[in-house]
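Please read the structure below before turning to the comments.
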Amino acid sequence: MAHLPARRGVVWTAAAASLALGTAAPAYAHDSGHDSGHDSGHRSSTAYYVDCSRSHDGNGTAAQPWNSLADVNKPVFAPGAHILFARGSTCVGTLAPQGSGVAGADIVVDAYGSGALPLPRIDGNGALETVSLHNQQYFEIHHLDVTNAADPGTKHRGIHVDAQDVGKLSHIVISGVNVHDILGDDTKDADGSDGIDVSVHGTTVPTWFDDVQITGNTLTQVNREGIVTASSWAQYNGFQEHPFTHVLIQGNDLARTGGDGIVVEQVSGALVDHNTLAGFNVASQGYNAGIWPWDSDHVTFQYNDVSGGHGHMDSMAYDIDDFTDTIVYQYNYSHDNDGGFALICGTADGYVRNSVIRYNISQDDSYRGVENCSGPSGPVQVYNNTIYVKPGAGMQVLRENNDSTARDVQFTNNVVVNAGAPSDATFGLSATTSYQLTDNTFFNTATAPGTGTLTTNPLLAAGGTATGIGAHANGYRLCAGSPALASGIAVAGNGGRDYFGNAIRAGAPDRGAYAGAGVHGCGT
């Protein structure tokens, strides 16, 4: 099987992600008395204050803050500058500060004033951009309230960080921001009506971002994607590819996105974890999924919770999409999605390679458990997942689509429990399927394909009762005496732990997402 050429990026481990989050912004010089004025082109190591509730414009000091975004957008800030907005104030228009930091001296946008709330608001009021950075680096944005609800249905965005024909740009941080009511259009491109959009344009000078951190933000009611990275320097476009590197998307809460939730495009080396998405594809006329990559490699998705996908135009929680290599989905929770759990979407002109879906839980999803698009995929391993099918779901546990395409997909050690009639859980596999089904448990399904298949009740502790990721999913542990205990087949490189954090024992593993000891007092 062919492989992508080696690239610069490396996968971020959880430890590396924690280290990245530990690099907090420097202490703010809130007591600056510097007369910033409006005529200075370059500033350094100074705090500038903005309070748009003030009736009189000042000089940017704490005693006399600026009172408009025009004041902020005019100067070119020097490394180390801190641009501080008053909590509880609202500035209308586009925030587009100029200047870049350097390593060790970032430019930082943040809030000032007592208490955590309310955050200072930037209201785009129908403008194309609400917060905009262009060809900038070593720049951090913290603790803003960003909205753009005016003139709904036209293209406008929340936070847009973009670059064009400038080479490598480093260190972009967006953290603790509340993005909401970005009521734009349904255009699905690199410049869509997104909540947080980090993108690259141009075809002259290879350009990419290194070290992008999007952490701890809240995004609600965004008409297109919630969070997206994208680049014109894409492999599929025929250019020499220059992907983003060292990307962290962590701890974000998203709700009611019109289209996709989180999309990672043109990235080599990313960690996407501990994000929650509740409601996606709620307004779009196109195909959308919850959290997924495209034209990327070495991306790990873990500890995410995705629910509320609307309709059947994809609407799965997770998707390994086209032109991807070395993608891992592990320890995620999917529930109540109309479209189902997971999509493997290599098309006729593309590919999905060397990827894994393991130790995840799907509860009360509908329509499809795991589906392939019509193109080639493989090798892809789907193992040790637990899928709980609710009554009336009408799920095809596996849906192959095009039976004339050879695929290398291994479906191993999974547990599927159907709580409804057998017809609620079927299989859409062709008679000549190239899927390899080994040592799975299919309980109460219409058929039970594969070798080493068990059809006896796996004795989940309390299937269908999960209320969230982690301990709230304890109903998916296996009871003592379960036939799924120690009856699977060993899988090399299995990550070393199960959904719940239990070590995976040597020898025959348990089936499903649980690898611990059998739980007593249940299963009778």
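Ordered as shown in the structure tokens, chains take letters A, B, and onward, while each chain numbers its residues from 1 and ligands are numbered from 1 in the order shown.
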Within 6 Å of stretch 297-311 of chain A using only C-alpha atoms, minus same-chain residues under 3 positions, as a ChimeraX atom specification: /A:11,268-282,315,317,324-338
Residues within 6 Å of A:Ile182, only C-alpha atoms, excluding chain neighbours under 4 positions, as JSON, numbers by chain: {"A": [147, 148, 149, 222]}
Please save C-alpha atoms of the selected residues as an mmCIF file, in the first residue's frame.
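Writing done, so here's out.cif:
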```cif
data_model
loop_
_atom_site.group_PDB
_atom_site.id
_atom_site.type_symbol
_atom_site.label_atom_id
_atom_site.label_comp_id
_atom_site.auth_asym_id
_atom_site.auth_seq_id
_atom_site.Cartn_x
_atom_site.Cartn_y
_atom_site.Cartn_z
ATOM 1 C CA THR A 147 -20.842 38.082 17.426
ATOM 2 C CA ASN A 148 -22.078 39.003 13.945
ATOM 3 C CA ALA A 149 -25.830 38.606 13.618
ATOM 4 C CA VAL A 222 -22.626 29.580 13.729
#
```
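Comparing A:Gly88, A:Gly450, A:Gly153, A:Gly518 by their smallest distance to A:Ala431, the closest is A:Gly450 (using only C-alpha atoms).
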Residue among A:Ile469, A:Val370, A:Val212, A:Leu478 lying closest to A:Thr426, counting only C-alpha atoms: A:Val370
Surrounding residues of A:Val519 excluding itself and chain neighbours under 6 positions, 8 Å, only C-alpha atoms, as a list in words: Ala461, Arg477, Leu478, Cys479 and Ala480 of chain A
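A straight line drawn from atom CA of A:Leu254 to atom CA of A:Thr218 is 5.9 Å long.
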For stretch 351-360 of chain A: contacts at 9 Å, only C-alpha atoms, fewer than 5 positions along chain excluded, given as a PyMOL selection string: chain A and resi 1-4+302-303+320-334+342+344-346+375-387+414+494-495+497-500+512-514
For A:Gly176, work out the shell of residues within 7 Å, counting only C-alpha atoms and skipping chain neighbours fewer than 3 positions away, then give it as a short mmCIF file (atom, residue, chain, number, x, y, z; two decimals) with C-alpha atoms, in the first residue's frame.
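Written out: part_8.cif:
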```cif
data_model
loop_
_atom_site.label_atom_id
_atom_site.label_comp_id
_atom_site.auth_asym_id
_atom_site.auth_seq_id
_atom_site.Cartn_x
_atom_site.Cartn_y
_atom_site.Cartn_z
CA HIS A 142 -8.22 35.76 24.69
CA HIS A 143 -11.51 36.42 26.48
CA THR A 215 -8.51 26.05 23.09
CA GLY A 216 -11.27 26.55 25.61
CA ASN A 217 -13.62 28.50 23.38
#
```
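Between atom CA of A:Asp191 and atom CA of A:Asp349 lies a distance of 24.3 Å.
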Stretch 179-378 of chain A: residues DSSP assigns to strand (DSSP E), reported as a VMD selection string: chain A and resid 179 to 182 196 to 201 208 to 215 218 to 222 227 to 231 244 to 250 253 to 257 262 to 265 267 to 273 276 to 280 291 to 294 297 to 302 305 to 309 316 to 320 324 to 330 333 to 335 340 to 344 352 to 353 355 to 358 361 to 363 368 to 372
Write to file, as an mmCIF file, in the first residue's frame, the residues of the selection just made, with C-alpha atoms.
```cif
data_model
loop_
_atom_site.group_PDB
_atom_site.id
_atom_site.type_symbol
_atom_site.label_atom_id
_atom_site.label_comp_id
_atom_site.auth_asym_id
_atom_site.auth_seq_id
_atom_site.Cartn_x
_atom_site.Cartn_y
_atom_site.Cartn_z
ATOM 1 C CA VAL A 179 -18.256 33.171 19.516
ATOM 2 C CA HIS A 180 -21.998 33.227 18.880
ATOM 3 C CA ASP A 181 -24.695 34.170 16.407
ATOM 4 C CA ILE A 182 -22.502 34.272 13.331
ATOM 5 C CA ILE A 196 -13.069 30.467 13.962
ATOM 6 C CA ASP A 197 -11.277 30.181 10.617
ATOM 7 C CA VAL A 198 -7.495 29.893 10.199
ATOM 8 C CA SER A 199 -6.685 29.775 6.501
ATOM 9 C CA VAL A 200 -4.027 30.307 3.843
ATOM 10 C CA HIS A 201 -4.526 31.734 0.352
ATOM 11 C CA TRP A 208 1.636 27.775 6.231
ATOM 12 C CA PHE A 209 1.046 28.196 9.966
ATOM 13 C CA ASP A 210 3.062 26.381 12.611
ATOM 14 C CA ASP A 211 1.778 26.164 16.212
ATOM 15 C CA VAL A 212 -1.928 26.954 16.091
ATOM 16 C CA GLN A 213 -3.768 26.607 19.406
ATOM 17 C CA ILE A 214 -7.555 26.913 19.519
ATOM 18 C CA THR A 215 -8.512 26.051 23.085
ATOM 19 C CA THR A 218 -17.414 28.427 23.211
ATOM 20 C CA LEU A 219 -19.120 28.580 19.811
ATOM 21 C CA THR A 220 -22.909 28.740 19.491
ATOM 22 C CA GLN A 221 -25.181 29.304 16.518
ATOM 23 C CA VAL A 222 -22.626 29.580 13.729
ATOM 24 C CA ILE A 227 -13.781 25.732 13.730
ATOM 25 C CA VAL A 228 -11.831 25.182 10.501
ATOM 26 C CA THR A 229 -8.304 25.224 9.116
ATOM 27 C CA ALA A 230 -7.791 25.406 5.353
ATOM 28 C CA SER A 231 -5.135 26.213 2.770
ATOM 29 C CA PHE A 244 -0.087 23.501 8.826
ATOM 30 C CA THR A 245 2.016 21.894 11.571
ATOM 31 C CA HIS A 246 1.566 21.500 15.327
ATOM 32 C CA VAL A 247 -2.141 22.237 15.540
ATOM 33 C CA LEU A 248 -4.046 21.874 18.825
ATOM 34 C CA ILE A 249 -7.856 22.124 18.985
ATOM 35 C CA GLN A 250 -8.799 21.320 22.554
ATOM 36 C CA ASP A 253 -17.702 23.633 23.373
ATOM 37 C CA LEU A 254 -19.747 23.983 20.192
ATOM 38 C CA ALA A 255 -23.519 23.983 19.748
ATOM 39 C CA ARG A 256 -25.899 24.418 16.820
ATOM 40 C CA THR A 257 -23.522 24.820 13.903
ATOM 41 C CA ILE A 262 -14.666 21.069 13.498
ATOM 42 C CA VAL A 263 -12.818 20.545 10.206
ATOM 43 C CA VAL A 264 -9.051 20.014 10.019
ATOM 44 C CA GLU A 265 -7.791 20.614 6.472
ATOM 45 C CA VAL A 267 -2.621 19.788 8.414
ATOM 46 C CA SER A 268 0.274 17.464 9.206
ATOM 47 C CA GLY A 269 0.406 16.797 12.927
ATOM 48 C CA ALA A 270 -2.640 17.757 15.006
ATOM 49 C CA LEU A 271 -4.387 16.826 18.234
ATOM 50 C CA VAL A 272 -8.142 17.397 18.448
ATOM 51 C CA ASP A 273 -9.405 16.414 21.874
ATOM 52 C CA THR A 276 -17.972 18.883 22.728
ATOM 53 C CA LEU A 277 -20.297 19.412 19.762
ATOM 54 C CA ALA A 278 -24.051 19.425 20.406
ATOM 55 C CA GLY A 279 -25.995 19.930 17.188
ATOM 56 C CA PHE A 280 -24.542 20.237 13.685
ATOM 57 C CA ILE A 291 -15.465 16.457 13.595
ATOM 58 C CA TRP A 292 -13.261 15.385 10.693
ATOM 59 C CA PRO A 293 -10.062 15.863 8.634
ATOM 60 C CA TRP A 294 -9.499 16.364 4.924
ATOM 61 C CA ASP A 297 -2.116 13.331 7.950
ATOM 62 C CA HIS A 298 -1.037 12.348 11.457
ATOM 63 C CA VAL A 299 -4.123 13.723 13.184
ATOM 64 C CA THR A 300 -5.442 12.237 16.434
ATOM 65 C CA PHE A 301 -9.059 12.802 17.542
ATOM 66 C CA GLN A 302 -9.746 11.742 21.121
ATOM 67 C CA ASP A 305 -18.348 14.162 22.489
ATOM 68 C CA VAL A 306 -20.482 14.692 19.374
ATOM 69 C CA SER A 307 -24.283 14.617 19.207
ATOM 70 C CA GLY A 308 -27.262 16.081 17.423
ATOM 71 C CA GLY A 309 -26.294 15.625 13.781
ATOM 72 C CA MET A 316 -22.138 11.311 11.229
ATOM 73 C CA ALA A 317 -20.243 12.297 14.329
ATOM 74 C CA TYR A 318 -16.827 11.419 12.882
ATOM 75 C CA ASP A 319 -15.387 11.115 9.384
ATOM 76 C CA ILE A 320 -12.015 10.108 7.966
ATOM 77 C CA THR A 324 -5.887 11.475 4.497
ATOM 78 C CA ASP A 325 -3.188 9.267 6.001
ATOM 79 C CA THR A 326 -2.522 8.133 9.568
ATOM 80 C CA ILE A 327 -5.715 9.357 11.208
ATOM 81 C CA VAL A 328 -6.696 8.023 14.650
ATOM 82 C CA TYR A 329 -10.105 8.259 16.345
ATOM 83 C CA GLN A 330 -9.950 6.935 19.895
ATOM 84 C CA TYR A 333 -18.355 9.380 22.365
ATOM 85 C CA SER A 334 -21.006 9.650 19.638
ATOM 86 C CA HIS A 335 -24.712 9.795 20.388
ATOM 87 C CA GLY A 340 -24.720 7.718 12.449
ATOM 88 C CA PHE A 341 -21.335 7.128 14.032
ATOM 89 C CA ALA A 342 -18.459 7.163 11.520
ATOM 90 C CA LEU A 343 -17.683 7.672 7.835
ATOM 91 C CA ILE A 344 -14.634 6.458 5.893
ATOM 92 C CA VAL A 352 -7.907 7.049 3.028
ATOM 93 C CA ARG A 353 -4.815 5.226 4.306
ATOM 94 C CA SER A 355 -6.024 4.935 9.780
ATOM 95 C CA VAL A 356 -7.722 3.629 12.912
ATOM 96 C CA ILE A 357 -11.099 3.924 14.663
ATOM 97 C CA ARG A 358 -10.761 2.274 18.100
ATOM 98 C CA ILE A 361 -18.734 4.376 22.057
ATOM 99 C CA SER A 362 -21.773 5.061 19.867
ATOM 100 C CA GLN A 363 -25.131 5.320 21.617
ATOM 101 C CA ARG A 368 -25.372 4.094 9.680
ATOM 102 C CA GLY A 369 -22.853 2.699 12.103
ATOM 103 C CA VAL A 370 -19.783 2.811 9.857
ATOM 104 C CA GLU A 371 -20.081 3.740 6.179
ATOM 105 C CA ASN A 372 -17.653 3.823 3.270
#
```
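In this model, the gap between atom CA of A:Pro120 and atom CA of A:Asn135 comes to 24.8 Å.
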12 Å contact set for A:Leu128, only C-alpha atoms, chain neighbours under 5 positions out, as a PyMOL selection string: chain A and resi 93-96+123+147-160+182-185+191-194
Output file for the residues above (C-alpha atoms, as a compact mmCIF listing (two decimals), in the first residue's frame):
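Full text of again.txt as output:
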```txt
# COMPACT_ATOMS: atom_id res chain seq x y z
CA GLY A 93 -17.35 46.83 13.52
CA THR A 94 -14.23 44.86 12.66
CA LEU A 95 -11.30 44.44 15.02
CA ALA A 96 -8.19 44.24 12.79
CA ASP A 123 -20.05 43.00 17.26
CA THR A 147 -20.84 38.08 17.43
CA ASN A 148 -22.08 39.00 13.95
CA ALA A 149 -25.83 38.61 13.62
CA ALA A 150 -26.81 41.61 11.49
CA ASP A 151 -27.73 41.15 7.82
CA PRO A 152 -28.27 37.39 8.21
CA GLY A 153 -27.71 35.14 5.20
CA THR A 154 -24.78 37.12 3.79
CA LYS A 155 -21.20 35.93 4.23
CA HIS A 156 -19.58 36.98 7.48
CA ARG A 157 -17.29 35.35 9.99
CA GLY A 158 -16.37 35.44 13.64
CA ILE A 159 -12.56 35.21 13.94
CA HIS A 160 -10.58 34.95 10.71
CA ILE A 182 -22.50 34.27 13.33
CA LEU A 183 -25.54 34.35 11.05
CA GLY A 184 -23.83 34.14 7.68
CA ASP A 185 -24.45 32.09 4.56
CA ASP A 191 -13.71 31.63 3.48
CA GLY A 192 -17.10 30.46 4.67
CA SER A 193 -19.25 31.99 7.39
CA ASP A 194 -17.28 30.24 10.12
```
DSSP-assigned helix (DSSP H, G or I) among stretch 36-236 of chain A, expressed as a list in words: Leu69, Ala70, Asp71, Val72, Asn73, Gln235 and Tyr236 of chain A
Writing out the chosen residues with all heavy atoms as a PDB file, in the first residue's frame:
```
ATOM      1  N   LEU A  69     -12.965  50.903  17.598  1.00  0.00           N
ATOM      2  CA  LEU A  69     -12.088  49.959  16.911  1.00  0.00           C
ATOM      3  C   LEU A  69     -11.181  50.672  15.914  1.00  0.00           C
ATOM      4  O   LEU A  69     -10.085  50.195  15.627  1.00  0.00           O
ATOM      5  CB  LEU A  69     -12.924  48.892  16.202  1.00  0.00           C
ATOM      6  CG  LEU A  69     -13.718  47.960  17.127  1.00  0.00           C
ATOM      7  CD1 LEU A  69     -14.562  46.991  16.310  1.00  0.00           C
ATOM      8  CD2 LEU A  69     -12.789  47.195  18.061  1.00  0.00           C
ATOM      9  N   ALA A  70     -11.603  51.808  15.408  1.00  0.00           N
ATOM     10  CA  ALA A  70     -10.750  52.570  14.491  1.00  0.00           C
ATOM     11  C   ALA A  70      -9.453  52.961  15.180  1.00  0.00           C
ATOM     12  O   ALA A  70      -8.375  52.957  14.562  1.00  0.00           O
ATOM     13  CB  ALA A  70     -11.489  53.808  14.001  1.00  0.00           C
ATOM     14  N   ASP A  71      -9.526  53.278  16.470  1.00  0.00           N
ATOM     15  CA  ASP A  71      -8.316  53.602  17.218  1.00  0.00           C
ATOM     16  C   ASP A  71      -7.355  52.419  17.265  1.00  0.00           C
ATOM     17  O   ASP A  71      -6.138  52.589  17.154  1.00  0.00           O
ATOM     18  CB  ASP A  71      -8.674  53.998  18.661  1.00  0.00           C
ATOM     19  CG  ASP A  71      -9.434  55.309  18.751  1.00  0.00           C
ATOM     20  OD1 ASP A  71      -9.201  56.185  17.909  1.00  0.00           O
ATOM     21  OD2 ASP A  71     -10.266  55.439  19.672  1.00  0.00           O
ATOM     22  N   VAL A  72      -7.926  51.230  17.435  1.00  0.00           N
ATOM     23  CA  VAL A  72      -7.102  50.024  17.574  1.00  0.00           C
ATOM     24  C   VAL A  72      -6.537  49.601  16.224  1.00  0.00           C
ATOM     25  O   VAL A  72      -5.401  49.104  16.138  1.00  0.00           O
ATOM     26  CB  VAL A  72      -7.928  48.871  18.178  1.00  0.00           C
ATOM     27  CG1 VAL A  72      -7.045  47.652  18.408  1.00  0.00           C
ATOM     28  CG2 VAL A  72      -8.592  49.299  19.477  1.00  0.00           C
ATOM     29  N   ASN A  73      -7.285  49.780  15.182  1.00  0.00           N
ATOM     30  CA  ASN A  73      -6.880  49.278  13.862  1.00  0.00           C
ATOM     31  C   ASN A  73      -5.838  50.156  13.174  1.00  0.00           C
ATOM     32  O   ASN A  73      -5.226  49.731  12.196  1.00  0.00           O
ATOM     33  CB  ASN A  73      -8.104  49.157  12.955  1.00  0.00           C
ATOM     34  CG  ASN A  73      -9.095  48.129  13.454  1.00  0.00           C
ATOM     35  OD1 ASN A  73      -8.769  47.278  14.279  1.00  0.00           O
ATOM     36  ND2 ASN A  73     -10.326  48.196  12.951  1.00  0.00           N
ATOM     37  N   GLN A 235      -2.586  19.433  -1.377  1.00  0.00           N
ATOM     38  CA  GLN A 235      -2.096  18.355  -2.226  1.00  0.00           C
ATOM     39  C   GLN A 235      -3.010  18.114  -3.421  1.00  0.00           C
ATOM     40  O   GLN A 235      -2.569  17.952  -4.552  1.00  0.00           O
ATOM     41  CB  GLN A 235      -1.992  17.103  -1.367  1.00  0.00           C
ATOM     42  CG  GLN A 235      -1.683  15.838  -2.111  1.00  0.00           C
ATOM     43  CD  GLN A 235      -1.418  14.749  -1.103  1.00  0.00           C
ATOM     44  OE1 GLN A 235      -0.339  14.671  -0.571  1.00  0.00           O
ATOM     45  NE2 GLN A 235      -2.398  13.937  -0.841  1.00  0.00           N
ATOM     46  N   TYR A 236      -4.291  18.135  -3.183  1.00  0.00           N
ATOM     47  CA  TYR A 236      -5.225  17.824  -4.255  1.00  0.00           C
ATOM     48  C   TYR A 236      -5.238  18.905  -5.333  1.00  0.00           C
ATOM     49  O   TYR A 236      -5.639  18.662  -6.469  1.00  0.00           O
ATOM     50  CB  TYR A 236      -6.639  17.625  -3.693  1.00  0.00           C
ATOM     51  CG  TYR A 236      -7.397  18.907  -3.503  1.00  0.00           C
ATOM     52  CD1 TYR A 236      -8.358  19.321  -4.426  1.00  0.00           C
ATOM     53  CD2 TYR A 236      -7.145  19.729  -2.413  1.00  0.00           C
ATOM     54  CE1 TYR A 236      -9.043  20.513  -4.260  1.00  0.00           C
ATOM     55  CE2 TYR A 236      -7.825  20.909  -2.236  1.00  0.00           C
ATOM     56  CZ  TYR A 236      -8.777  21.301  -3.164  1.00  0.00           C
ATOM     57  OH  TYR A 236      -9.449  22.470  -3.000  1.00  0.00           O
TER      58      TYR A 236
END
```
Surrounding residues of A:Thr455 excluding itself and chain neighbours under 4 positions, 10 Å, only C-alpha atoms, as a ChimeraX atom specification: /A:415-417,440-445,447-448,483
Write out, as a tab-separated table (two decimals), in the first residue's frame, the residues just selected, with N, CA, C and O atoms.
```
chain	number	residue	atom	x	y	z
A	415	VAL	N	-18.38	-4.59	19.48
A	415	VAL	CA	-19.62	-5.07	20.09
A	415	VAL	C	-20.77	-4.21	19.59
A	415	VAL	O	-20.73	-2.97	19.71
A	416	VAL	N	-21.76	-4.84	19.00
A	416	VAL	CA	-22.97	-4.16	18.56
A	416	VAL	C	-24.15	-4.77	19.30
A	416	VAL	O	-24.39	-5.98	19.23
A	417	VAL	N	-24.87	-3.94	20.04
A	417	VAL	CA	-26.04	-4.39	20.80
A	417	VAL	C	-27.25	-3.64	20.26
A	417	VAL	O	-27.30	-2.41	20.28
A	440	ASN	N	-16.17	-10.26	16.14
A	440	ASN	CA	-17.09	-9.24	16.62
A	440	ASN	C	-18.25	-9.89	17.37
A	440	ASN	O	-18.50	-11.08	17.23
A	441	THR	N	-18.95	-9.10	18.14
A	441	THR	CA	-20.20	-9.53	18.78
A	441	THR	C	-21.34	-8.73	18.19
A	441	THR	O	-21.34	-7.49	18.26
A	442	PHE	N	-22.29	-9.43	17.57
A	442	PHE	CA	-23.48	-8.80	17.00
A	442	PHE	C	-24.69	-9.40	17.70
A	442	PHE	O	-25.11	-10.53	17.40
A	443	PHE	N	-25.24	-8.67	18.63
A	443	PHE	CA	-26.35	-9.18	19.43
A	443	PHE	C	-27.67	-8.61	18.95
A	443	PHE	O	-27.86	-7.39	18.90
A	444	ASN	N	-28.58	-9.50	18.57
A	444	ASN	CA	-29.93	-9.16	18.15
A	444	ASN	C	-29.95	-8.37	16.84
A	444	ASN	O	-30.84	-7.56	16.60
A	445	THR	N	-28.98	-8.59	15.98
A	445	THR	CA	-28.95	-7.96	14.67
A	445	THR	C	-29.61	-8.87	13.64
A	445	THR	O	-29.77	-10.08	13.87
A	447	THR	N	-28.55	-10.02	10.79
A	447	THR	CA	-27.59	-11.06	10.42
A	447	THR	C	-26.35	-10.88	11.27
A	447	THR	O	-26.22	-9.89	12.00
A	448	ALA	N	-25.43	-11.81	11.17
A	448	ALA	CA	-24.20	-11.75	11.98
A	448	ALA	C	-23.02	-12.20	11.13
A	448	ALA	O	-22.51	-13.31	11.27
A	483	PRO	N	-19.65	-13.05	27.67
A	483	PRO	CA	-18.89	-13.80	26.66
A	483	PRO	C	-17.92	-12.93	25.87
A	483	PRO	O	-17.06	-13.44	25.15
```
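Distance annotation: of A:Thr405, A:Ile504, A:His171, A:Tyr388, the residue with the minimal separation from A:Ala348 is A:Thr405; atom set is only C-alpha atoms.
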